[in-house]
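Visitor: File model15.pdb follows (PDB, C-alpha atoms):
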```pdb
ATOM      1  CA  MET R   1     -11.116 -18.289  -7.013
ATOM      2  CA  ASN R   2     -10.047 -20.278 -10.057
ATOM      3  CA  VAL R   3      -7.812 -23.350  -9.852
ATOM      4  CA  GLU R   4      -4.087 -22.607 -10.131
ATOM      5  CA  THR R   5      -3.112 -23.172 -13.767
ATOM      6  CA  CYS R   6      -0.072 -20.890 -14.135
ATOM      7  CA  ASP R   7       2.926 -19.748 -12.151
ATOM      8  CA  LEU R   8       2.158 -16.097 -11.595
ATOM      9  CA  SER R   9      -0.823 -13.737 -11.903
ATOM     10  CA  LEU R  10      -0.521  -9.949 -12.132
ATOM     11  CA  ILE R  11      -3.476  -7.753 -11.143
ATOM     12  CA  LEU R  12      -3.756  -4.217 -12.536
ATOM     13  CA  PRO R  13      -6.658  -1.910 -11.536
ATOM     14  CA  VAL R  14      -6.948   0.435 -14.533
ATOM     15  CA  TYR R  15      -8.435   3.918 -14.248
ATOM     16  CA  ASN R  16      -7.579   7.096 -16.137
ATOM     17  CA  VAL R  17      -4.026   6.059 -17.034
ATOM     18  CA  GLU R  18      -3.894   6.468 -20.812
ATOM     19  CA  LYS R  19      -0.579   8.369 -20.491
ATOM     20  CA  TYR R  20       1.188   5.566 -18.633
ATOM     21  CA  ILE R  21      -0.407   2.156 -19.132
ATOM     22  CA  SER R  22       1.454   1.221 -22.320
ATOM     23  CA  HIS R  23       4.782   1.856 -20.622
ATOM     24  CA  CYS R  24       3.692  -0.270 -17.672
ATOM     25  CA  LEU R  25       2.394  -3.154 -19.773
ATOM     26  CA  ASP R  26       5.491  -3.126 -21.976
ATOM     27  CA  SER R  27       7.627  -3.442 -18.830
ATOM     28  CA  LEU R  28       5.589  -6.501 -17.817
ATOM     29  CA  LEU R  29       5.694  -8.110 -21.238
ATOM     30  CA  SER R  30       9.477  -7.742 -21.465
ATOM     31  CA  GLN R  31      10.211  -9.479 -18.155
ATOM     32  CA  SER R  32      13.048 -12.010 -17.878
ATOM     33  CA  PHE R  33      10.637 -14.322 -15.996
ATOM     34  CA  GLN R  34      10.374 -17.616 -17.915
ATOM     35  CA  GLY R  35       7.373 -19.129 -16.136
ATOM     36  CA  SER R  36       3.730 -18.984 -17.202
ATOM     37  CA  LEU R  37       2.265 -15.529 -16.641
ATOM     38  CA  GLN R  38      -1.320 -14.271 -16.440
ATOM     39  CA  ILE R  39      -1.985 -10.513 -16.634
ATOM     40  CA  VAL R  40      -5.407  -9.422 -15.354
ATOM     41  CA  LEU R  41      -6.508  -5.918 -16.371
ATOM     42  CA  VAL R  42      -9.554  -4.541 -14.571
ATOM     43  CA  GLU R  43     -10.758  -1.462 -16.439
ATOM     44  CA  ASP R  44     -12.801   0.560 -13.956
ATOM     45  CA  LYS R  45     -14.873   2.698 -16.346
ATOM     46  CA  SER R  46     -12.200   5.264 -17.162
ATOM     47  CA  PRO R  47     -13.283   8.543 -18.795
ATOM     48  CA  ASP R  48     -10.123   8.563 -20.940
ATOM     49  CA  ASN R  49      -8.719   6.179 -23.554
ATOM     50  CA  SER R  50      -7.534   3.504 -21.092
ATOM     51  CA  LEU R  51     -10.100   0.898 -22.159
ATOM     52  CA  ALA R  52      -9.170   1.147 -25.835
ATOM     53  CA  ILE R  53      -5.494   0.683 -24.986
ATOM     54  CA  CYS R  54      -6.310  -2.364 -22.841
ATOM     55  CA  ARG R  55      -8.297  -3.887 -25.703
ATOM     56  CA  GLU R  56      -5.334  -3.407 -28.059
ATOM     57  CA  TYR R  57      -3.061  -5.387 -25.742
ATOM     58  CA  VAL R  58      -5.646  -8.134 -25.200
ATOM     59  CA  ALA R  59      -5.925  -8.571 -28.979
ATOM     60  CA  LYS R  60      -2.148  -9.074 -29.222
ATOM     61  CA  TYR R  61      -1.408 -11.250 -26.199
ATOM     62  CA  ASP R  62      -3.158 -14.471 -25.185
ATOM     63  CA  ASN R  63      -2.077 -14.250 -21.539
ATOM     64  CA  ILE R  64      -3.848 -10.938 -20.885
ATOM     65  CA  VAL R  65      -7.359 -11.043 -19.403
ATOM     66  CA  LEU R  66      -9.539  -7.922 -19.498
ATOM     67  CA  ILE R  67     -12.437  -7.263 -17.125
ATOM     68  CA  GLU R  68     -14.559  -4.255 -18.086
ATOM     69  CA  HIS R  69     -16.535  -2.658 -15.268
ATOM     70  CA  VAL R  70     -19.822  -1.083 -16.337
ATOM     71  CA  GLU R  71     -19.458   1.576 -13.650
ATOM     72  CA  ASN R  72     -16.577   2.949 -11.601
ATOM     73  CA  GLY R  73     -16.150   1.133  -8.306
ATOM     74  CA  GLY R  74     -12.741   2.333  -7.126
ATOM     75  CA  SER R  75      -9.419   0.562  -6.732
ATOM     76  CA  SER R  76     -10.632  -1.821  -3.991
ATOM     77  CA  VAL R  77     -13.491  -3.140  -6.128
ATOM     78  CA  ALA R  78     -11.196  -3.359  -9.162
ATOM     79  CA  ARG R  79      -8.538  -5.339  -7.312
ATOM     80  CA  ASN R  80     -11.197  -7.654  -5.892
ATOM     81  CA  SER R  81     -12.431  -8.333  -9.431
ATOM     82  CA  GLY R  82      -8.858  -9.148 -10.370
ATOM     83  CA  LEU R  83      -8.426 -11.499  -7.424
ATOM     84  CA  GLU R  84     -11.464 -13.477  -8.574
ATOM     85  CA  GLN R  85      -9.633 -14.233 -11.834
ATOM     86  CA  VAL R  86      -6.279 -15.291 -10.385
ATOM     87  CA  GLN R  87      -4.993 -18.584 -11.763
ATOM     88  CA  GLY R  88      -1.388 -18.306 -10.580
ATOM     89  CA  LYS R  89       0.373 -20.124  -7.775
ATOM     90  CA  TYR R  90       1.351 -16.608  -6.692
ATOM     91  CA  PHE R  91      -0.070 -13.171  -7.419
ATOM     92  CA  VAL R  92       1.380  -9.660  -7.672
ATOM     93  CA  PHE R  93      -0.339  -6.261  -7.732
ATOM     94  CA  VAL R  94       0.840  -3.610 -10.183
ATOM     95  CA  ASP R  95      -0.511  -0.074 -10.567
ATOM     96  CA  PRO R  96      -0.658   0.781 -14.288
ATOM     97  CA  ASP R  97       1.087   4.134 -13.957
ATOM     98  CA  ASP R  98       4.188   2.489 -12.471
ATOM     99  CA  ILE R  99       7.046   0.464 -13.969
ATOM    100  CA  VAL R 100       8.311  -3.011 -13.146
ATOM    101  CA  PRO R 101      12.080  -3.576 -13.713
ATOM    102  CA  GLU R 102      12.974  -6.306 -16.192
ATOM    103  CA  THR R 103      14.175  -8.884 -13.653
ATOM    104  CA  ALA R 104      11.616  -8.091 -10.919
ATOM    105  CA  LEU R 105       9.159 -10.947 -11.425
ATOM    106  CA  GLU R 106      11.947 -13.492 -11.840
ATOM    107  CA  THR R 107      13.565 -12.236  -8.633
ATOM    108  CA  LEU R 108      10.354 -12.302  -6.602
ATOM    109  CA  TYR R 109       9.311 -15.710  -7.908
ATOM    110  CA  LYS R 110      12.688 -17.262  -7.188
ATOM    111  CA  ALA R 111      12.745 -15.795  -3.674
ATOM    112  CA  ILE R 112       9.301 -17.089  -2.703
ATOM    113  CA  GLU R 113       9.918 -20.525  -4.251
ATOM    114  CA  GLU R 114      13.243 -20.993  -2.458
ATOM    115  CA  SER R 115      12.090 -19.634   0.924
ATOM    116  CA  GLY R 116       8.634 -21.190   1.078
ATOM    117  CA  ALA R 117       7.379 -17.818   2.321
ATOM    118  CA  ASP R 118       3.814 -16.581   2.073
ATOM    119  CA  ILE R 119       5.004 -13.093   1.132
ATOM    120  CA  VAL R 120       8.196 -11.702  -0.379
ATOM    121  CA  LYS R 121       8.691  -7.952  -0.488
ATOM    122  CA  GLY R 122      11.406  -6.231  -2.524
ATOM    123  CA  ASN R 123      12.742  -2.685  -2.474
ATOM    124  CA  ASN R 124      11.193   0.005  -4.613
ATOM    125  CA  THR R 125      12.249   3.313  -6.072
ATOM    126  CA  SER R 126      10.111   6.382  -6.713
ATOM    127  CA  PHE R 127      10.347   8.880  -9.546
ATOM    128  CA  LYS R 128       8.777  12.020 -10.968
ATOM    129  CA  ALA R 129       8.375  12.640 -14.698
ATOM    130  CA  ALA R 130      11.874  12.928 -16.192
ATOM    131  CA  GLN R 131      13.732  12.425 -12.903
ATOM    132  CA  SER R 132      15.817   9.343 -12.229
ATOM    133  CA  PRO R 133      14.307   6.811  -9.774
ATOM    134  CA  ARG R 134      15.429   7.094  -6.148
ATOM    135  CA  LEU R 135      15.502   4.323  -3.565
ATOM    136  CA  VAL R 136      12.907   4.917  -0.847
ATOM    137  CA  ASN R 137      14.046   5.417   2.739
ATOM    138  CA  TYR R 138      12.436   2.223   4.093
ATOM    139  CA  SER R 139      14.527  -0.053   1.860
ATOM    140  CA  VAL R 140      16.431  -3.003   3.302
ATOM    141  CA  LYS R 141      20.128  -3.589   2.623
ATOM    142  CA  LYS R 142      20.132  -7.352   3.067
ATOM    143  CA  LYS R 143      17.746 -10.287   3.057
ATOM    144  CA  GLU R 144      15.610 -10.537   6.191
ATOM    145  CA  GLU R 145      13.135 -13.224   7.301
ATOM    146  CA  TYR R 146      10.244 -13.090   9.757
ATOM    147  CA  ILE R 147       7.935 -15.841  10.989
ATOM    148  CA  GLU R 148       4.426 -16.042  12.428
ATOM    149  CA  SER R 149       3.444 -12.964  14.509
ATOM    150  CA  GLU R 150       6.645 -11.126  13.468
ATOM    151  CA  CYS R 151       5.239 -10.750   9.941
ATOM    152  CA  PHE R 152       2.454  -8.465  11.134
ATOM    153  CA  THR R 153       4.632  -6.689  13.690
ATOM    154  CA  VAL R 154       7.158  -5.562  11.070
ATOM    155  CA  LEU R 155       4.320  -4.153   8.953
ATOM    156  CA  LEU R 156       2.935  -2.200  11.924
ATOM    157  CA  LYS R 157       6.373  -0.739  12.622
ATOM    158  CA  HIS R 158       6.328   0.927   9.206
ATOM    159  CA  GLU R 159      10.122   1.014   9.097
ATOM    160  CA  LYS R 160      11.048  -1.635   6.501
ATOM    161  CA  LEU R 161       7.854  -1.861   4.515
ATOM    162  CA  ARG R 162       4.585  -0.016   4.094
ATOM    163  CA  GLY R 163       1.001  -1.038   3.512
ATOM    164  CA  HIS R 164       1.153  -0.971  -0.280
ATOM    165  CA  PRO R 165      -0.014  -4.074  -2.146
ATOM    166  CA  TRP R 166       2.544  -3.562  -4.929
ATOM    167  CA  GLY R 167       6.226  -4.500  -4.758
ATOM    168  CA  LYS R 168       5.324  -7.828  -3.152
ATOM    169  CA  ILE R 169       4.497 -11.374  -4.237
ATOM    170  CA  PHE R 170       1.788 -13.319  -2.394
ATOM    171  CA  ARG R 171       1.137 -17.066  -2.154
ATOM    172  CA  THR R 172      -2.339 -17.649  -3.573
ATOM    173  CA  SER R 173      -3.206 -20.648  -1.383
ATOM    174  CA  SER R 174      -2.503 -18.605   1.765
ATOM    175  CA  PHE R 175      -4.614 -15.563   0.910
ATOM    176  CA  LYS R 176      -7.130 -16.661  -1.735
ATOM    177  CA  ASN R 177     -10.145 -15.570   0.331
ATOM    178  CA  ILE R 178      -8.926 -12.152   1.479
ATOM    179  CA  ARG R 179     -10.382  -9.086  -0.239
ATOM    180  CA  PHE R 180     -10.036  -5.307  -0.142
ATOM    181  CA  THR R 181     -12.679  -3.433   1.844
ATOM    182  CA  PRO R 182     -14.682  -0.986  -0.308
ATOM    183  CA  GLY R 183     -15.885   2.310   1.109
ATOM    184  CA  TYR R 184     -12.534   3.775   2.153
ATOM    185  CA  ARG R 185     -11.371   6.847   0.270
ATOM    186  CA  MET R 186      -7.851   6.433   1.657
ATOM    187  CA  ALA R 187      -5.653   3.700   3.181
ATOM    188  CA  GLN R 188      -7.747   0.757   1.966
ATOM    189  CA  ASP R 189      -4.488  -0.812   0.777
ATOM    190  CA  LEU R 190      -3.187  -0.855   4.339
ATOM    191  CA  LEU R 191      -6.273  -2.693   5.581
ATOM    192  CA  PHE R 192      -5.782  -5.424   2.994
ATOM    193  CA  CYS R 193      -2.099  -5.772   3.900
ATOM    194  CA  VAL R 194      -2.918  -5.835   7.608
ATOM    195  CA  GLU R 195      -5.209  -8.830   7.169
ATOM    196  CA  VAL R 196      -2.744 -10.605   4.875
ATOM    197  CA  PHE R 197       0.318 -10.031   7.063
ATOM    198  CA  SER R 198      -1.583 -11.008  10.217
ATOM    199  CA  LYS R 199      -2.246 -14.403   8.619
ATOM    200  CA  ALA R 200       1.223 -14.941   7.126
ATOM    201  CA  ASN R 201       3.538 -17.628   8.506
ATOM    202  CA  ARG R 202       6.715 -16.479   6.782
ATOM    203  CA  LEU R 203       7.769 -13.125   5.312
ATOM    204  CA  VAL R 204      10.977 -12.449   3.407
ATOM    205  CA  LEU R 205      12.366  -8.989   2.596
ATOM    206  CA  ILE R 206      14.938  -8.789  -0.193
ATOM    207  CA  PRO R 207      17.206  -5.861  -1.151
ATOM    208  CA  ASP R 208      16.536  -6.148  -4.895
ATOM    209  CA  VAL R 209      14.602  -3.313  -6.543
ATOM    210  CA  VAL R 210      11.401  -4.844  -7.914
ATOM    211  CA  TYR R 211       9.181  -1.798  -8.455
ATOM    212  CA  GLN R 212       9.335   1.814  -9.665
ATOM    213  CA  TYR R 213       6.591   3.985  -8.180
ATOM    214  CA  ARG R 214       5.523   7.102 -10.074
ATOM    215  CA  ILE R 215       4.950  10.255  -8.002
ATOM    216  CA  HIS R 216       2.279  12.523  -9.452
ATOM    217  CA  ASN R 217       2.371  16.268  -8.910
ATOM    218  CA  SER R 218      -1.334  16.411  -8.222
ATOM    219  CA  GLY R 219      -1.545  18.333  -4.939
ATOM    220  CA  ALA R 220      -3.328  15.357  -3.370
ATOM    221  CA  THR R 221      -1.902  16.057   0.099
ATOM    222  CA  GLY R 222      -4.002  19.162   0.609
ATOM    223  CA  ARG R 223      -7.082  17.817  -1.104
ATOM    224  CA  LYS R 224      -7.454  14.835   1.215
ATOM    225  CA  TYR R 225      -8.154  17.279   4.049
ATOM    226  CA  GLU R 226     -10.354  19.593   2.024
ATOM    227  CA  THR R 227     -12.478  16.691   0.773
ATOM    228  CA  GLY R 228     -12.497  14.795   4.060
ATOM    229  CA  ALA R 229     -10.769  11.737   2.565
ATOM    230  CA  TYR R 230      -8.356  11.717   5.518
ATOM    231  CA  LEU R 231     -11.262  10.566   7.710
ATOM    232  CA  SER R 232     -11.040   7.180   5.947
ATOM    233  CA  TRP R 233      -7.340   7.110   6.783
ATOM    234  CA  LEU R 234      -8.078   7.582  10.483
ATOM    235  CA  ARG R 235     -10.902   5.034  10.338
ATOM    236  CA  CYS R 236      -8.534   2.559   8.722
ATOM    237  CA  ILE R 237      -5.916   2.994  11.448
ATOM    238  CA  THR R 238      -8.627   2.400  14.045
ATOM    239  CA  SER R 239      -9.715  -0.783  12.232
ATOM    240  CA  VAL R 240      -6.156  -2.123  12.328
ATOM    241  CA  GLY R 241      -6.569  -2.632  16.067
ATOM    242  CA  ALA R 242      -8.866  -5.616  15.499
ATOM    243  CA  PHE R 243      -5.876  -7.614  14.194
ATOM    244  CA  VAL R 244      -3.420  -6.709  16.969
ATOM    245  CA  ALA R 245      -2.682  -9.607  19.310
ATOM    246  CA  THR R 246       0.808  -9.753  20.848
ATOM    247  CA  GLY R 247       2.537  -7.313  23.166
ATOM    248  CA  GLN R 248       4.998  -6.311  20.451
ATOM    249  CA  GLN R 249       2.133  -5.646  18.067
ATOM    250  CA  LYS R 250       0.325  -3.496  20.628
ATOM    251  CA  LYS R 251       3.443  -1.393  21.080
ATOM    252  CA  ALA R 252       3.994  -1.089  17.333
ATOM    253  CA  TYR R 253       0.323  -0.186  16.867
ATOM    254  CA  GLN R 254       0.577   2.684  19.347
ATOM    255  CA  GLU R 255       3.663   3.894  17.508
ATOM    256  CA  LEU R 256       1.763   3.728  14.214
ATOM    257  CA  LYS R 257      -0.983   5.896  15.714
ATOM    258  CA  VAL R 258       1.602   8.469  16.814
ATOM    259  CA  ARG R 259       3.192   8.410  13.355
ATOM    260  CA  THR R 260      -0.219   9.012  11.762
ATOM    261  CA  LEU R 261      -1.174  11.929  14.018
ATOM    262  CA  THR R 262       2.230  13.553  13.524
ATOM    263  CA  GLN R 263       2.063  13.260   9.753
ATOM    264  CA  ILE R 264      -1.356  14.886   9.674
ATOM    265  CA  ALA R 265      -0.292  17.716  11.986
ATOM    266  CA  LYS R 266       2.653  18.500   9.705
ATOM    267  CA  GLU R 267       0.701  18.247   6.468
ATOM    268  CA  ILE R 268      -2.124  20.642   7.374
ATOM    269  CA  ARG R 269      -0.022  23.753   7.961
ATOM    270  CA  SER R 270      -0.991  25.353   4.649
ATOM    271  CA  LEU R 271      -4.748  24.779   4.954
ATOM    272  CA  LYS R 272      -7.117  27.718   5.167
ATOM    273  CA  ALA R 273      -8.367  28.635   8.642
ATOM    274  CA  ASP R 274     -11.784  26.933   8.495
ATOM    275  CA  ALA R 275     -10.442  23.670   7.099
ATOM    276  CA  LEU R 276      -7.472  23.763   9.460
ATOM    277  CA  LEU R 277      -9.703  24.194  12.513
ATOM    278  CA  THR R 278     -11.922  21.310  11.431
ATOM    279  CA  VAL R 279      -8.987  18.944  10.976
ATOM    280  CA  LEU R 280      -7.424  19.990  14.270
ATOM    281  CA  GLU R 281     -10.661  19.200  16.080
ATOM    282  CA  VAL R 282     -10.859  15.783  14.423
ATOM    283  CA  VAL R 283      -7.212  15.036  15.227
ATOM    284  CA  GLU R 284      -7.614  15.980  18.875
ATOM    285  CA  ARG R 285     -10.776  13.890  19.190
ATOM    286  CA  THR R 286      -8.994  10.960  17.547
ATOM    287  CA  ARG R 287      -5.986  11.331  19.863
ATOM    288  CA  VAL R 288      -8.282  11.000  22.863
ATOM    289  CA  GLU R 289     -10.179   8.046  21.361
ATOM    290  CA  TRP R 290      -6.893   6.297  20.606
ATOM    291  CA  GLY R 291      -5.688   6.813  24.160
ATOM    292  CA  ILE R 292      -2.542   8.673  23.146
ATOM    293  CA  SER R 293      -0.783  10.860  25.741
ATOM    294  CA  LEU R 294       2.842  11.475  26.638
ATOM    295  CA  ASN R 295       2.609   9.829  30.056
ATOM    296  CA  LYS R 296       0.839   6.747  28.702
ATOM    297  CA  LEU R 297       3.301   6.359  25.837
ATOM    298  CA  ILE R 298       6.235   6.444  28.250
ATOM    299  CA  LEU R 299       4.920   4.591  31.292
ATOM    300  CA  GLN R 300       2.358   2.144  29.903
ATOM    301  CA  ASP R 301       2.985   1.621  26.194
ATOM    302  CA  LYS R 302       6.777   1.871  26.586
ATOM    303  CA  VAL R 303       7.220   3.041  23.010
ATOM    304  CA  SER R 304      10.597   3.821  21.477
ATOM    305  CA  ALA R 305      12.495   7.063  22.007
ATOM    306  CA  THR R 306      11.873   7.829  18.338
ATOM    307  CA  SER R 307       8.115   7.649  18.893
ATOM    308  CA  ILE R 308       8.353   9.867  21.984
ATOM    309  CA  HIS R 309      10.254  12.438  19.967
ATOM    310  CA  ARG R 310       7.708  12.086  17.168
ATOM    311  CA  TYR R 311       4.827  12.688  19.590
ATOM    312  CA  ILE R 312       6.514  15.813  20.960
ATOM    313  CA  SER R 313       6.834  16.990  17.361
ATOM    314  CA  PHE R 314       3.124  16.336  16.937
ATOM    315  CA  LEU R 315       2.276  18.479  19.977
ATOM    316  CA  SER R 316       4.483  21.267  18.658
ATOM    317  CA  ALA R 317       2.970  21.124  15.162
ATOM    318  CA  GLN R 318      -0.516  21.052  16.634
ATOM    319  CA  LYS R 319       0.238  24.120  18.781
ATOM    320  CA  LYS R 320       1.685  26.065  15.840
ATOM    321  CA  ALA R 321      -1.320  25.224  13.676
ATOM    322  CA  ARG R 322      -3.727  26.447  16.341
ATOM    323  CA  SER R 323      -1.789  29.668  16.869
ATOM    324  CA  SER R 324      -1.887  30.405  13.140
ATOM    325  CA  ILE R 325      -5.693  30.538  13.262
ATOM    326  CA  LYS R 326      -5.908  33.229  15.937
TER     327      LYS R 326
END
```
Could you render the structure as structure tokens?

Guide:
Amino acid sequence: MNVETCDLSLILPVYNVEKYISHCLDSLLSQSFQGSLQIVLVEDKSPDNSLAICREYVAKYDNIVLIEHVENGGSSVARNSGLEQVQGKYFVFVDPDDIVPETALETLYKAIEESGADIVKGNNTSFKAAQSPRLVNYSVKKKEEYIESECFTVLLKHEKLRGHPWGKIFRTSSFKNIRFTPGYRMAQDLLFCVEVFSKANRLVLIPDVVYQYRIHNSGATGRKYETGAYLSWLRCITSVGAFVATGQQKKAYQELKVRTLTQIAKEIRSLKADALLTVLEVVERTRVEWGISLNKLILQDKVSATSIHRYISFLSAQKKARSSIK
């Protein structure tokens, strides 16, 4: 990790985004933030025109660094390459198909400087093509602060923030040695956030919108089951357990497992019979391995009523999926 020589570093893993990257970079270059800014582009061997566009911006702006991968390594490898180049006191992740509002970096920087936090997370909106951005349902309405073990607990609860690296600002000195884990086809972002939040001493959530996430109509929900990518998701959730320490975290972790199983059970309804049966078998095996049952959730784990209701929904969805095969 390089010595801190600027205020803020932005890391962008670039792959196959020729349609969007100019819009993203223009939003970063027009920020109201007045501090010194480093933009690190990691071009991950895109098959489209992304590299040429990156080179055009590098030629125009002295504060943009371009790393060109000789072969595609995936977003985890790309972000790790970016982390190696960070020179800022703080760093921020941006996906190059998204948009950063004009005052976002200024807002995040001011919040982390004033609070002394290790992480500040802002609200984000999501949008599709020509649609107006909409505030996501896990947004906060006022400033909230968490300390020590609470930082990781609130991430596990999945109610006020999610395991995305974007939409947050991180203190470089606190997390300079943490890296993404390659080899996961899904949910690798969550694993990175889990390690970071488990080591954080102070977390601040602010109600300001600092990120606009683009939703692609790519049919990815179904494909993750057809390709088996969801297995990485389940493996990631299992790996999270290694960071769980307190009683509150154990409870929140069980609730995260229930949330995951329920989401899968609801998403697989439209799969063809063979694929559906395979996923159902994996889900049931995972449920047993995770030690999830109604009695245990109520009597031992003492999870929330919401999680109990969610688990009952999981059982119902699982039953309906099985009946559709017969």

Visitor: Compile a residue-level contact table for segment 121-231 of chain R against segment 255-264 of chain R at a cut-off of 9 Å, reporting for every qualifying residue the shortest atom pair and its distance in Å to one decimal, with only C-alpha atoms counted, rows ordered by chain and ascending number, as a tab-separated table.

Guide:
```
residue	atom	partner	partner_atom	distance
R:Leu156	CA	R:Leu256	CA	6.5
R:Lys157	CA	R:Leu256	CA	6.6
R:His158	CA	R:Leu256	CA	7.3
R:Tyr230	CA	R:Ile264	CA	8.7
```

Visitor: Next, dump the selected residues to file, keeping only C-alpha atoms, as a PDB file, in the frame of the given file.

Guide:
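Everything below was put into selection34.pdb:
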```pdb
ATOM      1  CA  LEU R 156       2.935  -2.200  11.924  1.00  0.00           C
ATOM      2  CA  LYS R 157       6.373  -0.739  12.622  1.00  0.00           C
ATOM      3  CA  HIS R 158       6.328   0.927   9.206  1.00  0.00           C
ATOM      4  CA  TYR R 230      -8.356  11.717   5.518  1.00  0.00           C
TER       5      TYR R 230
END
```

Visitor: Glu84 of chain R: which residues within 10 Å, counting only C-alpha atoms, same-chain residues fewer than 2 positions away excluded, as a ChimeraX atom specification?

Guide: /R:1-2,40,79-82,86-87,176-177,179

Visitor: Box along x, y and z, 4 Å on every side, all listed atoms of segment 40-57 of chain R inside: centre and edge lengths in Å to one decimal, as lines of an AutoDock Vina configuration file.

Guide:
```
center_x = -9.0
center_y = -0.4
center_z = -21.0
size_x = 19.8
size_y = 26.0
size_z = 22.1
```

Visitor: If the PyMOL selection byres ((chain R and resi 31) around 7) is run on the structure shown, which residues does it catch, given as a PyMOL selection string?

Guide: chain R and resi 27-30+32-33+102-103+105

Visitor: Go ahead and write the selection's residues with C-alpha atoms as a tab-separated table (two decimals), in the frame of the given file.

Guide:
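Result file out-v3.tsv:
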```tsv
chain	number	residue	atom	x	y	z
R	27	SER	CA	7.63	-3.44	-18.83
R	28	LEU	CA	5.59	-6.50	-17.82
R	29	LEU	CA	5.69	-8.11	-21.24
R	30	SER	CA	9.48	-7.74	-21.46
R	32	SER	CA	13.05	-12.01	-17.88
R	33	PHE	CA	10.64	-14.32	-16.00
R	102	GLU	CA	12.97	-6.31	-16.19
R	103	THR	CA	14.18	-8.88	-13.65
R	105	LEU	CA	9.16	-10.95	-11.42
```

Visitor: Which residues would end up in the selection if the PyMOL selection byres ((chain R and resi 4) around 10) were applied here, given that I need the answer as a short mmCIF file (atom, residue, chain, number, x, y, z; two decimals) with C-alpha atoms, in the frame of the given file?

Guide:
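The result, stored in part-v5.cif:
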```cif
data_model
loop_
_atom_site.label_atom_id
_atom_site.label_comp_id
_atom_site.auth_asym_id
_atom_site.auth_seq_id
_atom_site.Cartn_x
_atom_site.Cartn_y
_atom_site.Cartn_z
CA MET R 1 -11.12 -18.29 -7.01
CA ASN R 2 -10.05 -20.28 -10.06
CA VAL R 3 -7.81 -23.35 -9.85
CA THR R 5 -3.11 -23.17 -13.77
CA CYS R 6 -0.07 -20.89 -14.14
CA ASP R 7 2.93 -19.75 -12.15
CA LEU R 8 2.16 -16.10 -11.60
CA SER R 9 -0.82 -13.74 -11.90
CA VAL R 86 -6.28 -15.29 -10.38
CA GLN R 87 -4.99 -18.58 -11.76
CA GLY R 88 -1.39 -18.31 -10.58
CA LYS R 89 0.37 -20.12 -7.78
CA TYR R 90 1.35 -16.61 -6.69
CA THR R 172 -2.34 -17.65 -3.57
CA SER R 173 -3.21 -20.65 -1.38
#
```

Visitor: Hey, can you check how far atom CA of Leu108 of chain R sits from atom CA of Glu56 of chain R?

Guide: 28.0 Å

Visitor: Run the PyMOL selection byres ((chain R and resi 92) around 9) on the file and write out the hits as a PyMOL selection string.

Guide: chain R and resi 8-12+90-91+93-94+105+165-170

Visitor: Restricting it to C-alpha atoms, dump the selection as a CSV table (one decimal), in the frame of the given file.

Guide:
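Result saved to part.csv:
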```
chain,number,residue,atom,x,y,z
R,8,LEU,CA,2.2,-16.1,-11.6
R,9,SER,CA,-0.8,-13.7,-11.9
R,10,LEU,CA,-0.5,-9.9,-12.1
R,11,ILE,CA,-3.5,-7.8,-11.1
R,12,LEU,CA,-3.8,-4.2,-12.5
R,90,TYR,CA,1.4,-16.6,-6.7
R,91,PHE,CA,-0.1,-13.2,-7.4
R,93,PHE,CA,-0.3,-6.3,-7.7
R,94,VAL,CA,0.8,-3.6,-10.2
R,105,LEU,CA,9.2,-10.9,-11.4
R,165,PRO,CA,0.0,-4.1,-2.1
R,166,TRP,CA,2.5,-3.6,-4.9
R,167,GLY,CA,6.2,-4.5,-4.8
R,168,LYS,CA,5.3,-7.8,-3.2
R,169,ILE,CA,4.5,-11.4,-4.2
R,170,PHE,CA,1.8,-13.3,-2.4
```

Visitor: I'd like the neighbourhood of Gln249 of chain R as a VMD selection string, where a residue qualifies if any of its atoms comes within 9 Å (using all atoms listed in the file), though same-chain residues fewer than 2 positions away should be ignored.

Guide: chain R and resid 149 to 150 152 to 154 156 to 157 244 to 247 251 to 254

Visitor: Just how far from atom CA of Leu276 of chain R is atom CA of Ser324 of chain R, in Å to one decimal?

Guide: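 Separation of atom CA of Ser324 of chain R and atom CA of Leu276 of chain R: 9.4 Å.
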